[in-house]
>>> print(open('start-v3.txt').read())   # compact mmCIF, C-alpha atoms
# COMPACT_ATOMS: atom_id res chain seq x y z
CA MET I 1 14.91 -19.76 -3.59
CA SER I 2 14.46 -17.18 -0.87
CA ILE I 3 14.01 -18.01 2.82
CA THR I 4 10.45 -16.64 2.60
CA ASP I 5 9.58 -19.11 -0.17
CA GLN I 6 11.08 -21.98 1.80
CA VAL I 7 9.30 -21.10 5.05
CA LEU I 8 5.92 -20.58 3.35
CA SER I 9 6.29 -23.81 1.33
CA ALA I 10 7.01 -25.69 4.56
CA LEU I 11 4.00 -24.06 6.22
CA LEU I 12 1.79 -25.14 3.36
CA VAL I 13 3.02 -28.75 3.37
CA TYR I 14 3.57 -29.44 7.08
CA GLY I 15 1.19 -26.91 8.65
CA LEU I 16 1.09 -26.38 12.41
CA PRO I 17 4.49 -27.86 13.44
CA VAL I 18 6.24 -25.41 11.10
CA LEU I 19 4.10 -22.53 12.37
CA PHE I 20 5.04 -23.44 15.94
CA GLY I 21 8.76 -23.87 15.25
CA VAL I 22 9.24 -20.70 13.19
CA ILE I 23 7.33 -18.46 15.61
CA LEU I 24 9.23 -19.95 18.57
CA VAL I 25 12.70 -19.27 17.15
CA CYS I 26 11.61 -15.87 15.85
CA SER I 27 10.35 -14.85 19.30
CA VAL I 28 13.72 -15.80 20.77
CA GLY I 29 15.33 -13.36 18.32
CA ILE I 30 16.20 -15.19 15.10
CA PRO I 31 14.82 -13.11 12.20
CA PHE I 32 12.25 -14.77 9.93
CA PRO I 33 9.49 -13.34 7.71
CA ILE I 34 7.02 -14.02 10.48
CA SER I 35 4.40 -11.35 9.64
CA LEU I 36 4.04 -12.79 6.15
CA MET I 37 3.80 -16.28 7.64
CA LEU I 38 0.91 -15.36 9.94
CA VAL I 39 -0.89 -13.56 7.11
CA ALA I 40 -0.40 -16.68 4.96
CA ALA I 41 -1.75 -18.87 7.78
CA GLY I 42 -4.85 -16.64 7.90
CA SER I 43 -5.27 -17.08 4.16
CA PHE I 44 -4.94 -20.88 4.48
CA VAL I 45 -7.62 -20.79 7.19
CA GLU I 46 -9.96 -18.95 4.84
CA GLN I 47 -9.26 -21.52 2.10
CA GLY I 48 -10.14 -24.34 4.50
CA GLU I 49 -6.62 -25.75 4.60
CA MET I 50 -6.05 -24.94 8.29
CA LYS I 51 -8.35 -24.52 11.27
CA LEU I 52 -8.68 -21.08 12.84
CA TRP I 53 -8.61 -22.11 16.51
CA GLN I 54 -5.59 -24.35 15.92
CA VAL I 55 -3.65 -21.59 14.17
CA ILE I 56 -4.46 -19.04 16.90
CA ALA I 57 -3.64 -21.49 19.72
CA VAL I 58 -0.40 -22.87 18.24
CA ALA I 59 0.94 -19.46 17.14
CA SER I 60 0.11 -17.82 20.49
CA VAL I 61 1.67 -20.64 22.56
CA ALA I 62 4.81 -20.61 20.37
CA ALA I 63 5.19 -16.83 20.65
CA ILE I 64 4.66 -16.81 24.44
CA LEU I 65 7.05 -19.74 24.94
CA GLY I 66 9.72 -18.04 22.78
CA ASP I 67 9.36 -14.82 24.78
CA GLN I 68 9.72 -16.75 28.04
CA ILE I 69 12.95 -18.35 26.77
CA GLY I 70 14.36 -14.91 25.87
CA TYR I 71 13.32 -13.45 29.22
CA GLY I 72 14.57 -16.48 31.22
CA LEU I 73 17.97 -16.65 29.52
CA SER I 74 18.53 -12.91 30.05
CA ARG I 75 17.30 -12.93 33.63
CA TRP I 76 19.33 -15.88 34.86
CA GLY I 77 22.20 -15.99 32.37
CA GLY I 78 22.47 -12.37 31.23
CA ARG I 79 22.04 -10.95 34.71
CA ARG I 80 25.27 -12.49 36.01
CA LEU I 81 27.17 -11.33 32.93
CA ILE I 82 25.81 -7.78 33.25
CA ASN I 83 26.64 -7.64 36.98
CA ARG I 84 30.21 -8.72 36.34
CA LEU I 85 30.71 -6.31 33.42
CA SER I 86 29.06 -3.31 35.11
CA ARG I 87 31.26 -3.73 38.18
CA LYS I 88 34.35 -3.89 36.00
CA ILE I 89 33.60 -0.79 33.94
CA GLY I 90 31.89 1.11 36.75
CA VAL I 91 28.41 1.64 35.32
CA GLU I 92 26.46 -0.07 38.12
CA GLU I 93 24.47 3.13 38.77
CA ASN I 94 23.41 3.43 35.10
CA ILE I 95 22.28 -0.19 35.07
CA LYS I 96 20.19 0.43 38.20
CA GLN I 97 18.56 3.46 36.55
CA ALA I 98 17.78 1.41 33.43
CA GLU I 99 16.25 -1.29 35.63
CA ALA I 100 14.08 1.25 37.44
CA LEU I 101 12.93 2.66 34.09
CA THR I 102 12.06 -0.80 32.76
CA LYS I 103 10.16 -1.64 35.95
CA ARG I 104 8.18 1.61 35.65
CA TRP I 105 7.43 1.57 31.90
CA GLY I 106 8.04 -2.11 31.21
CA GLY I 107 4.36 -3.12 31.03
CA SER I 108 3.45 -0.85 28.12
CA GLY I 109 6.81 -1.59 26.45
CA ILE I 110 6.16 -5.33 26.64
CA PHE I 111 2.55 -4.97 25.49
CA PHE I 112 3.20 -2.74 22.45
CA SER I 113 6.30 -4.64 21.35
CA ARG I 114 4.17 -7.80 21.08
CA TRP I 115 1.84 -6.57 18.34
CA LEU I 116 2.53 -2.98 17.26
CA ILE I 117 6.32 -2.75 17.04
CA THR I 118 7.07 -6.44 16.75
CA ALA I 119 10.65 -5.92 15.54
CA LEU I 120 11.56 -4.82 19.07
CA GLY I 121 9.90 -7.80 20.79
CA PRO I 122 12.98 -10.01 21.33
CA TRP I 123 15.00 -7.02 22.59
CA VAL I 124 12.30 -6.07 25.07
CA ASN I 125 12.34 -9.68 26.35
CA VAL I 126 16.08 -9.42 26.94
CA ALA I 127 15.80 -5.97 28.56
CA SER I 128 12.98 -7.18 30.84
CA GLY I 129 14.99 -10.23 31.90
CA ILE I 130 18.14 -8.23 32.60
CA ALA I 131 16.15 -5.60 34.52
CA VAL I 132 14.50 -8.41 36.58
CA TYR I 133 11.04 -7.18 35.57
CA PRO I 134 8.52 -9.17 37.69
CA TRP I 135 7.87 -12.44 35.88
CA ARG I 136 4.13 -12.62 36.56
CA ARG I 137 3.55 -9.14 35.15
CA PHE I 138 5.78 -9.99 32.17
CA VAL I 139 3.66 -13.08 31.48
CA LEU I 140 0.42 -11.09 31.77
CA TRP I 141 1.46 -8.38 29.26
CA ASP I 142 3.08 -10.99 27.06
CA VAL I 143 -0.01 -13.21 26.81
CA VAL I 144 -2.37 -10.29 26.12
CA GLY I 145 -0.03 -8.74 23.53
CA GLU I 146 0.78 -11.98 21.70
CA VAL I 147 -2.86 -13.06 21.42
CA ILE I 148 -3.68 -9.63 19.93
CA TRP I 149 -0.75 -9.94 17.51
CA VAL I 150 -1.67 -13.43 16.32
CA GLY I 151 -5.38 -12.57 16.07
CA LEU I 152 -4.66 -9.35 14.17
CA TYR I 153 -2.28 -10.80 11.58
CA VAL I 154 -4.24 -14.02 11.06
CA GLY I 155 -7.41 -11.90 10.76
CA ILE I 156 -5.76 -9.69 8.12
CA GLY I 157 -4.69 -12.82 6.22
CA TYR I 158 -8.23 -14.18 6.48
CA VAL I 159 -9.81 -10.98 5.15
CA PHE I 160 -7.23 -10.45 2.37
CA SER I 161 -6.82 -14.16 1.67
CA ASN I 162 -6.02 -13.65 -2.03
CA ARG I 163 -3.42 -10.88 -1.45
CA VAL I 164 -0.93 -12.53 0.95
CA GLN I 165 2.20 -11.33 -0.84
CA ALA I 166 0.95 -7.76 -1.11
CA ILE I 167 -0.27 -7.47 2.48
CA GLY I 168 2.88 -9.16 3.82
CA GLU I 169 5.09 -6.65 1.99
CA ILE I 170 3.09 -3.66 3.22
CA LEU I 171 2.97 -4.89 6.83
CA GLY I 172 6.69 -5.68 6.78
CA ASN I 173 7.54 -2.11 5.72
CA LEU I 174 4.98 -0.62 8.10
CA SER I 175 6.45 -2.39 11.13
CA TRP I 176 9.84 -0.73 10.42
CA VAL I 177 8.09 2.66 10.14
CA MET I 178 6.63 2.04 13.61
CA VAL I 179 10.07 1.18 15.02
CA GLY I 180 11.49 4.34 13.42
CA LEU I 181 8.74 6.53 14.88
CA ILE I 182 9.26 5.16 18.38
CA VAL I 183 13.05 5.64 18.25
CA THR I 184 12.57 9.14 16.76
CA ALA I 185 10.25 10.04 19.65
CA ILE I 186 12.74 8.75 22.25
CA LEU I 187 15.71 10.61 20.71
CA GLY I 188 13.68 13.79 20.20
CA TRP I 189 12.49 13.67 23.80
CA GLN I 190 16.10 13.35 25.01
CA LEU I 191 17.11 16.47 23.07
CA VAL I 192 14.09 18.47 24.26
CA ARG I 193 14.83 17.47 27.86
CA TYR I 194 18.47 18.57 27.50
CA VAL I 195 17.47 21.95 26.06
CA ARG I 196 14.88 22.53 28.82
CA MET I 197 17.34 21.59 31.56
CA ASN I 198 19.84 24.08 30.16
CA GLU I 199 17.23 26.82 29.92
CA GLN I 200 16.29 26.28 33.56
CA ALA I 201 19.96 26.24 34.62
CA GLY I 202 20.74 29.33 32.51
CA MET M 1 22.25 28.56 27.07
CA LYS M 2 24.98 25.91 27.09
CA ARG M 3 25.91 24.64 23.66
CA PHE M 4 25.56 21.03 22.63
CA GLY M 5 28.33 18.70 23.77
CA LEU M 6 29.58 15.61 21.95
CA GLN M 7 26.84 13.44 23.45
CA GLN M 8 24.07 15.76 22.22
CA TRP M 9 25.56 15.97 18.73
CA LEU M 10 25.64 12.17 18.64
CA VAL M 11 21.94 12.15 19.58
CA VAL M 12 21.25 14.68 16.79
CA LEU M 13 23.17 12.49 14.32
CA ALA M 14 21.23 9.41 15.45
CA LEU M 15 17.98 11.36 15.14
CA VAL M 16 18.78 12.40 11.56
CA LEU M 17 19.65 8.80 10.65
CA VAL M 18 16.52 7.39 12.26
CA VAL M 19 14.28 10.03 10.64
CA SER M 20 15.84 9.19 7.23
CA PHE M 21 15.34 5.47 7.87
CA THR M 22 11.72 6.03 8.91
CA GLY M 23 11.04 8.27 5.92
CA LEU M 24 12.55 5.69 3.57
CA PHE M 25 10.34 2.90 4.90
CA ALA M 26 7.28 5.19 4.96
CA ILE M 27 7.84 5.97 1.25
CA ARG M 28 8.33 2.26 0.51
CA THR M 29 5.10 1.42 2.35
CA VAL M 30 3.11 4.03 0.44
CA ARG M 31 4.68 3.02 -2.89
CA ARG M 32 3.91 -0.65 -2.32
CA ALA M 33 0.33 0.19 -1.28
CA ILE M 34 -0.16 2.27 -4.46
CA TYR M 35 1.45 -0.46 -6.57
CA TRP M 36 -0.80 -3.19 -5.15
CA HIS M 37 -3.84 -0.96 -5.48
CA HIS M 38 -3.26 -0.81 -9.24
CA HIS M 39 -1.94 -4.36 -9.74
CA LYS M 40 -4.48 -6.97 -8.82
CA ASP M 41 -2.31 -9.95 -9.80
CA GLU M 42 0.34 -11.10 -7.40
CA PRO M 43 3.48 -12.49 -8.99
CA ILE M 44 3.45 -16.28 -8.79
CA ARG M 45 5.95 -17.49 -6.18
CA PRO M 46 7.36 -21.01 -5.60
CA TRP M 47 5.58 -21.35 -2.23
CA MET M 48 2.08 -20.89 -3.65
CA SER M 49 -0.32 -23.80 -4.11
CA LEU M 50 -2.42 -24.12 -7.25
CA GLY M 51 -5.50 -23.40 -5.16
CA TYR M 52 -4.02 -20.14 -3.88
CA ILE M 53 -2.84 -19.05 -7.34
CA ALA M 54 -6.30 -19.74 -8.77
CA ARG M 55 -7.94 -17.76 -5.96
CA SER M 56 -5.46 -14.90 -6.18
CA HIS M 57 -5.88 -14.58 -9.96
CA GLY M 58 -9.63 -15.21 -10.00
CA VAL M 59 -9.59 -18.27 -12.28
CA PRO M 60 -10.93 -21.80 -11.66
CA ALA M 61 -8.31 -24.12 -10.14
CA SER M 62 -9.20 -26.78 -12.72
CA VAL M 63 -7.67 -24.56 -15.43
CA LEU M 64 -4.29 -24.65 -13.69
CA TYR M 65 -4.43 -28.40 -13.03
CA GLN M 66 -5.25 -28.95 -16.69
CA ALA M 67 -2.39 -26.71 -17.84
CA LEU M 68 0.08 -28.84 -15.87
CA ASN M 69 -1.52 -32.13 -16.99
CA LEU M 70 -2.48 -32.94 -13.42
CA PRO M 71 -5.61 -34.92 -12.53
CA PRO M 72 -8.35 -32.68 -11.15
CA LYS M 73 -8.28 -32.10 -7.42
CA THR M 74 -10.36 -34.60 -5.45
CA GLY M 75 -10.90 -35.11 -1.72
CA GLY M 76 -8.94 -32.93 0.73
CA PRO M 77 -6.98 -29.78 0.01
CA ASP M 78 -3.95 -30.04 -2.24
CA ARG M 79 -1.19 -28.48 -0.17
CA ARG M 80 1.63 -28.94 -2.64
CA PRO M 81 3.48 -25.72 -3.42
CA ILE M 82 4.34 -25.33 -7.10
CA ARG M 83 8.02 -25.95 -6.38
CA GLU M 84 6.95 -29.44 -5.25
CA ILE M 85 4.89 -29.93 -8.41
CA ALA M 86 7.84 -28.73 -10.51
CA ARG M 87 10.07 -31.31 -8.82
CA GLU M 88 7.53 -34.07 -9.41
CA GLN M 89 7.32 -33.14 -13.11
CA ASN M 90 11.09 -32.69 -13.55
CA ARG M 91 10.57 -29.09 -14.57
CA SER M 92 12.08 -25.89 -13.28
CA VAL M 93 9.88 -23.67 -11.09
CA ASP M 94 10.25 -20.88 -13.68
CA GLU M 95 8.93 -23.18 -16.39
CA VAL M 96 5.89 -24.06 -14.26
CA ILE M 97 5.28 -20.36 -13.55
CA VAL M 98 5.32 -19.55 -17.29
CA ILE M 99 2.81 -22.37 -17.99
CA LEU M 100 0.52 -21.11 -15.22
CA GLN M 101 0.73 -17.49 -16.37
CA ASP M 102 -0.17 -18.57 -19.87
CA ALA M 103 -3.12 -20.63 -18.58
CA ILE M 104 -4.36 -17.68 -16.50
CA VAL M 105 -4.26 -15.32 -19.50
CA ARG M 106 -6.19 -17.85 -21.61
CA ALA M 107 -8.79 -18.41 -18.90
CA ARG M 108 -9.68 -14.75 -18.65
CA PRO M 109 -11.84 -12.64 -20.87
CA PRO M 110 -11.34 -11.42 -23.53
CA TYR M 111 -10.53 -14.88 -24.81
CA PRO M 112 -10.19 -16.50 -27.21
CA PRO M 113 -8.01 -13.69 -28.58
CA PRO M 114 -8.64 -12.45 -32.12
CA GLY M 115 -7.35 -14.89 -34.74
CA PRO M 116 -4.38 -14.18 -37.00
CA PRO M 117 -4.91 -11.16 -39.29
CA THR M 118 -6.33 -12.07 -42.67
CA HIS M 119 -4.76 -10.90 -45.93
CA PRO M 120 -5.81 -7.29 -46.67
CA GLU M 121 -6.89 -8.11 -50.20
CA SER M 122 -9.20 -10.92 -49.19
CA GLU M 123 -10.74 -8.85 -46.40
CA PRO M 124 -14.06 -7.29 -47.35
CA SER M 125 -14.03 -3.51 -47.33
CA LYS M 126 -15.56 -1.86 -44.32
CA GLY M 127 -17.39 1.41 -43.89
CA ARG M 128 -18.60 1.63 -47.47
CA SER M 129 -22.03 1.07 -48.76
CA PRO M 130 -22.19 -1.69 -51.37
>>> encode(input="start-v3.txt", output="structure tokens")
Amino acid sequence: MSITDQVLSALLVYGLPVLFGVILVCSVGIPFPISLMLVAAGSFVEQGEMKLWQVIAVASVAAILGDQIGYGLSRWGGRRLINRLSRKIGVEENIKQAEALTKRWGGSGIFFSRWLITALGPWVNVASGIAVYPWRRFVLWDVVGEVIWVGLYVGIGYVFSNRVQAIGEILGNLSWVMVGLIVTAILGWQLVRYVRMNEQAG
Amino acid sequence: MKRFGLQQWLVVLALVLVVSFTGLFAIRTVRRAIYWHHHKDEPIRPWMSLGYIARSHGVPASVLYQALNLPPKTGGPDRRPIREIAREQNRSVDEVIVILQDAIVRARPPYPPPGPPTHPESEPSKGRSP
């Protein structure tokens, strides 16, 4: 039996504790079919097997807590490791530039990786922690983004309560398309910038 | 203009790979959306409860309970996934799925299906005036 079947069976039988646990570990970075799980939770709400406010509250708290763990571990554990490594291989300047970039664009990165490009969420937590992105601002964007994410996916499950498998499959594929589009834009922008710089220099 | 160096070619290579990856998943998304638009029935999976299967396939839940010789649902929601029911009944999940699929087909119109064909000789002629 697939991991998806096992996770959804456990959600059906044990309810909220499973929802909390799976979302928590997934937010730290362990991959699980979490979109499908939230859609299924929305469907169970519509069928009267779970309560809407409980699902929203438990899923949001789990996601925010998981993000804080990822951020905290990277900020206080990863930071020391990065400092030591960057000094050894002489890339301290690059790390500082990356930090400055994260501090400047971090807010929108954190916000959109919570609900639009969820596959990048755990990585953005790590990047924000390593770049020492201000914790209070991280929490603000994190809470807003995660509540939108949970509300959106549970809402979709509620509306399409008899098509969980279908919607889960489509959303799963769509989230990878979003990741691909973002990375394509970043790489394309790098190439355009290189060409423009050369034109100006030439 | 300066030509691309190794770093730029690596970015181009990465761009091609990412565009291919994105295109692949975009095609998969569209294909799945088209598939589900034309196929109303979701395949029955081990995690599904009888209530969900009944809802998803648009049949009364009692039909599925009856097919598995289970007492009708009373009181609170029955949260057992069918893999749990299969375990309780010492059956394989596949066996339970086949029973449920059969019950769903029988619960839907047009049913009952036409009876076995009668012998051609005994069948009265059609389309002719007596």
>>> interface_residues(input="start-v3.txt", of="chain I", to="chain M", cutoff="10 Å", atoms="only C-alpha atoms", output="ChimeraX atom specification")
/I:1-2,4-15,40,43-44,47-50,160-167,169-188,190-191,194-202
>>> residues_around(input="start-v3.txt", residues="Phe20 (chain I)", least_positions_apart="3", cutoff="6 Å", atoms="all atoms listed in the file", output="ChimeraX atom specification")
/I:17,23,58-59,62
>>> atom_distance(input="start-v3.txt", atom1="CA of Trp115 (chain I)", atom2="CA of Asp142 (chain I)")
9.9 Å
>>> residues_around(input="start-v3.txt", residues="Gly151 (chain I)", least_positions_apart="6", cutoff="12 Å", atoms="only C-alpha atoms", output="MDAnalysis selection string")
chainID I and resid 35 38:39 41:42 52:60 114:115 144:145 157:159
>>> atom_distance(input="start-v3.txt", atom1="CA of Ala107 (chain M)", atom2="CA of Arg91 (chain M)")
22.5 Å
>>> residues_around(input="start-v3.txt", residues="region 76-81 of chain I", least_positions_apart="3", cutoff="9 Å", atoms="all atoms listed in the file", output="list of chain:residue names")
I:Tyr71, I:Gly72, I:Leu73, I:Arg84, I:Leu85, I:Ser86, I:Val126, I:Gly129, I:Ile130, I:Ala131, I:Val132
>>> closest_residue(input="start-v3.txt", among="I:Gly155, I:Gly109, I:Pro122, I:Gly21", to="Ser74 (chain I)", atoms="all atoms listed in the file")
I:Pro122
>>> residues_around(input="start-v3.txt", residues="Ser27 (chain I)", least_positions_apart="5", cutoff="8 Å", atoms="all atoms listed in the file", output="ChimeraX atom specification")
/I:63-64,66-67,70,121-122
>>> axis_aligned_box(input="start-v3.txt", around="region 66-73 of chain I", padding_each_side="4 Å", output="AutoDock Vina command-line options")
--center_x 13.7 --center_y -15.9 --center_z 27.0 --size_x 16.6 --size_y 12.9 --size_z 16.4
>>> atom_distance(input="start-v3.txt", atom1="CA of Trp141 (chain I)", atom2="CA of Asn125 (chain I)")
11.3 Å
>>> residues_near_point(input="start-v3.txt", point="(-5.8, -34.8, -8.1)", cutoff="12 Å", atoms="only C-alpha atoms", output="ChimeraX atom specification")
/M:50-51,61-62,64-66,68-80,85
>>> build_atoms(input="start-v3.txt", residues="region 20-47 of chain M", atoms="N, CA and C atoms", output="mmCIF file, in the coordinates of the input")
data_model
loop_
_atom_site.group_PDB
_atom_site.id
_atom_site.type_symbol
_atom_site.label_atom_id
_atom_site.label_comp_id
_atom_site.auth_asym_id
_atom_site.auth_seq_id
_atom_site.Cartn_x
_atom_site.Cartn_y
_atom_site.Cartn_z
ATOM 1 N N SER M 20 15.637 9.597 8.639
ATOM 2 C CA SER M 20 15.840 9.190 7.230
ATOM 3 C C SER M 20 15.361 7.763 7.021
ATOM 4 N N PHE M 21 15.739 6.877 7.936
ATOM 5 C CA PHE M 21 15.340 5.470 7.870
ATOM 6 C C PHE M 21 13.809 5.346 7.871
ATOM 7 N N THR M 22 13.180 6.093 8.794
ATOM 8 C CA THR M 22 11.720 6.030 8.910
ATOM 9 C C THR M 22 11.052 6.558 7.642
ATOM 10 N N GLY M 23 11.594 7.684 7.141
ATOM 11 C CA GLY M 23 11.040 8.270 5.920
ATOM 12 C C GLY M 23 11.147 7.309 4.745
ATOM 13 N N LEU M 24 12.307 6.644 4.653
ATOM 14 C CA LEU M 24 12.550 5.690 3.570
ATOM 15 C C LEU M 24 11.501 4.569 3.597
ATOM 16 N N PHE M 25 11.298 4.007 4.782
ATOM 17 C CA PHE M 25 10.340 2.900 4.900
ATOM 18 C C PHE M 25 8.898 3.392 4.734
ATOM 19 N N ALA M 26 8.631 4.641 5.157
ATOM 20 C CA ALA M 26 7.280 5.190 4.960
ATOM 21 C C ALA M 26 6.999 5.325 3.462
ATOM 22 N N ILE M 27 8.007 5.821 2.709
ATOM 23 C CA ILE M 27 7.840 5.970 1.250
ATOM 24 C C ILE M 27 7.638 4.594 0.610
ATOM 25 N N ARG M 28 8.461 3.625 1.056
ATOM 26 C CA ARG M 28 8.330 2.260 0.510
ATOM 27 C C ARG M 28 6.943 1.696 0.769
ATOM 28 N N THR M 29 6.435 1.940 1.997
ATOM 29 C CA THR M 29 5.100 1.420 2.350
ATOM 30 C C THR M 29 4.045 2.017 1.434
ATOM 31 N N VAL M 30 4.111 3.356 1.271
ATOM 32 C CA VAL M 30 3.110 4.030 0.440
ATOM 33 C C VAL M 30 3.220 3.563 -1.020
ATOM 34 N N ARG M 31 4.478 3.445 -1.496
ATOM 35 C CA ARG M 31 4.680 3.020 -2.890
ATOM 36 C C ARG M 31 4.138 1.610 -3.129
ATOM 37 N N ARG M 32 4.406 0.716 -2.163
ATOM 38 C CA ARG M 32 3.910 -0.650 -2.320
ATOM 39 C C ARG M 32 2.384 -0.680 -2.281
ATOM 40 N N ALA M 33 1.805 0.154 -1.386
ATOM 41 C CA ALA M 33 0.330 0.190 -1.280
ATOM 42 C C ALA M 33 -0.272 0.691 -2.594
ATOM 43 N N ILE M 34 0.344 1.737 -3.180
ATOM 44 C CA ILE M 34 -0.160 2.270 -4.460
ATOM 45 C C ILE M 34 0.002 1.213 -5.559
ATOM 46 N N TYR M 35 1.178 0.555 -5.555
ATOM 47 C CA TYR M 35 1.450 -0.460 -6.570
ATOM 48 C C TYR M 35 0.386 -1.568 -6.512
ATOM 49 N N TRP M 36 0.140 -2.070 -5.287
ATOM 50 C CA TRP M 36 -0.800 -3.190 -5.150
ATOM 51 C C TRP M 36 -2.242 -2.748 -5.384
ATOM 52 N N HIS M 37 -2.493 -1.446 -5.198
ATOM 53 C CA HIS M 37 -3.840 -0.960 -5.480
ATOM 54 C C HIS M 37 -4.129 -1.040 -6.981
ATOM 55 N N HIS M 38 -3.085 -0.813 -7.788
ATOM 56 C CA HIS M 38 -3.260 -0.810 -9.240
ATOM 57 C C HIS M 38 -2.969 -2.161 -9.893
ATOM 58 N N HIS M 39 -2.282 -3.055 -9.191
ATOM 59 C CA HIS M 39 -1.940 -4.360 -9.740
ATOM 60 C C HIS M 39 -2.655 -5.437 -8.945
ATOM 61 N N LYS M 40 -3.681 -5.982 -9.545
ATOM 62 C CA LYS M 40 -4.480 -6.970 -8.820
ATOM 63 C C LYS M 40 -3.764 -8.322 -8.746
ATOM 64 N N ASP M 41 -2.946 -8.623 -9.750
ATOM 65 C CA ASP M 41 -2.310 -9.950 -9.800
ATOM 66 C C ASP M 41 -1.011 -9.983 -9.011
ATOM 67 N N GLU M 42 -0.925 -10.925 -8.114
ATOM 68 C CA GLU M 42 0.340 -11.100 -7.400
ATOM 69 C C GLU M 42 1.273 -11.924 -8.280
ATOM 70 N N PRO M 43 2.567 -11.632 -8.240
ATOM 71 C CA PRO M 43 3.480 -12.490 -8.990
ATOM 72 C C PRO M 43 3.443 -13.907 -8.399
ATOM 73 N N ILE M 44 3.506 -14.894 -9.264
ATOM 74 C CA ILE M 44 3.450 -16.280 -8.790
ATOM 75 C C ILE M 44 4.789 -16.645 -8.145
ATOM 76 N N ARG M 45 4.737 -17.154 -6.920
ATOM 77 C CA ARG M 45 5.950 -17.490 -6.180
ATOM 78 C C ARG M 45 6.005 -19.009 -5.957
ATOM 79 N N PRO M 46 7.229 -19.542 -5.745
ATOM 80 C CA PRO M 46 7.360 -21.010 -5.600
ATOM 81 C C PRO M 46 6.569 -21.595 -4.430
ATOM 82 N N TRP M 47 6.273 -20.793 -3.390
ATOM 83 C CA TRP M 47 5.580 -21.350 -2.230
ATOM 84 C C TRP M 47 4.080 -21.524 -2.454
#
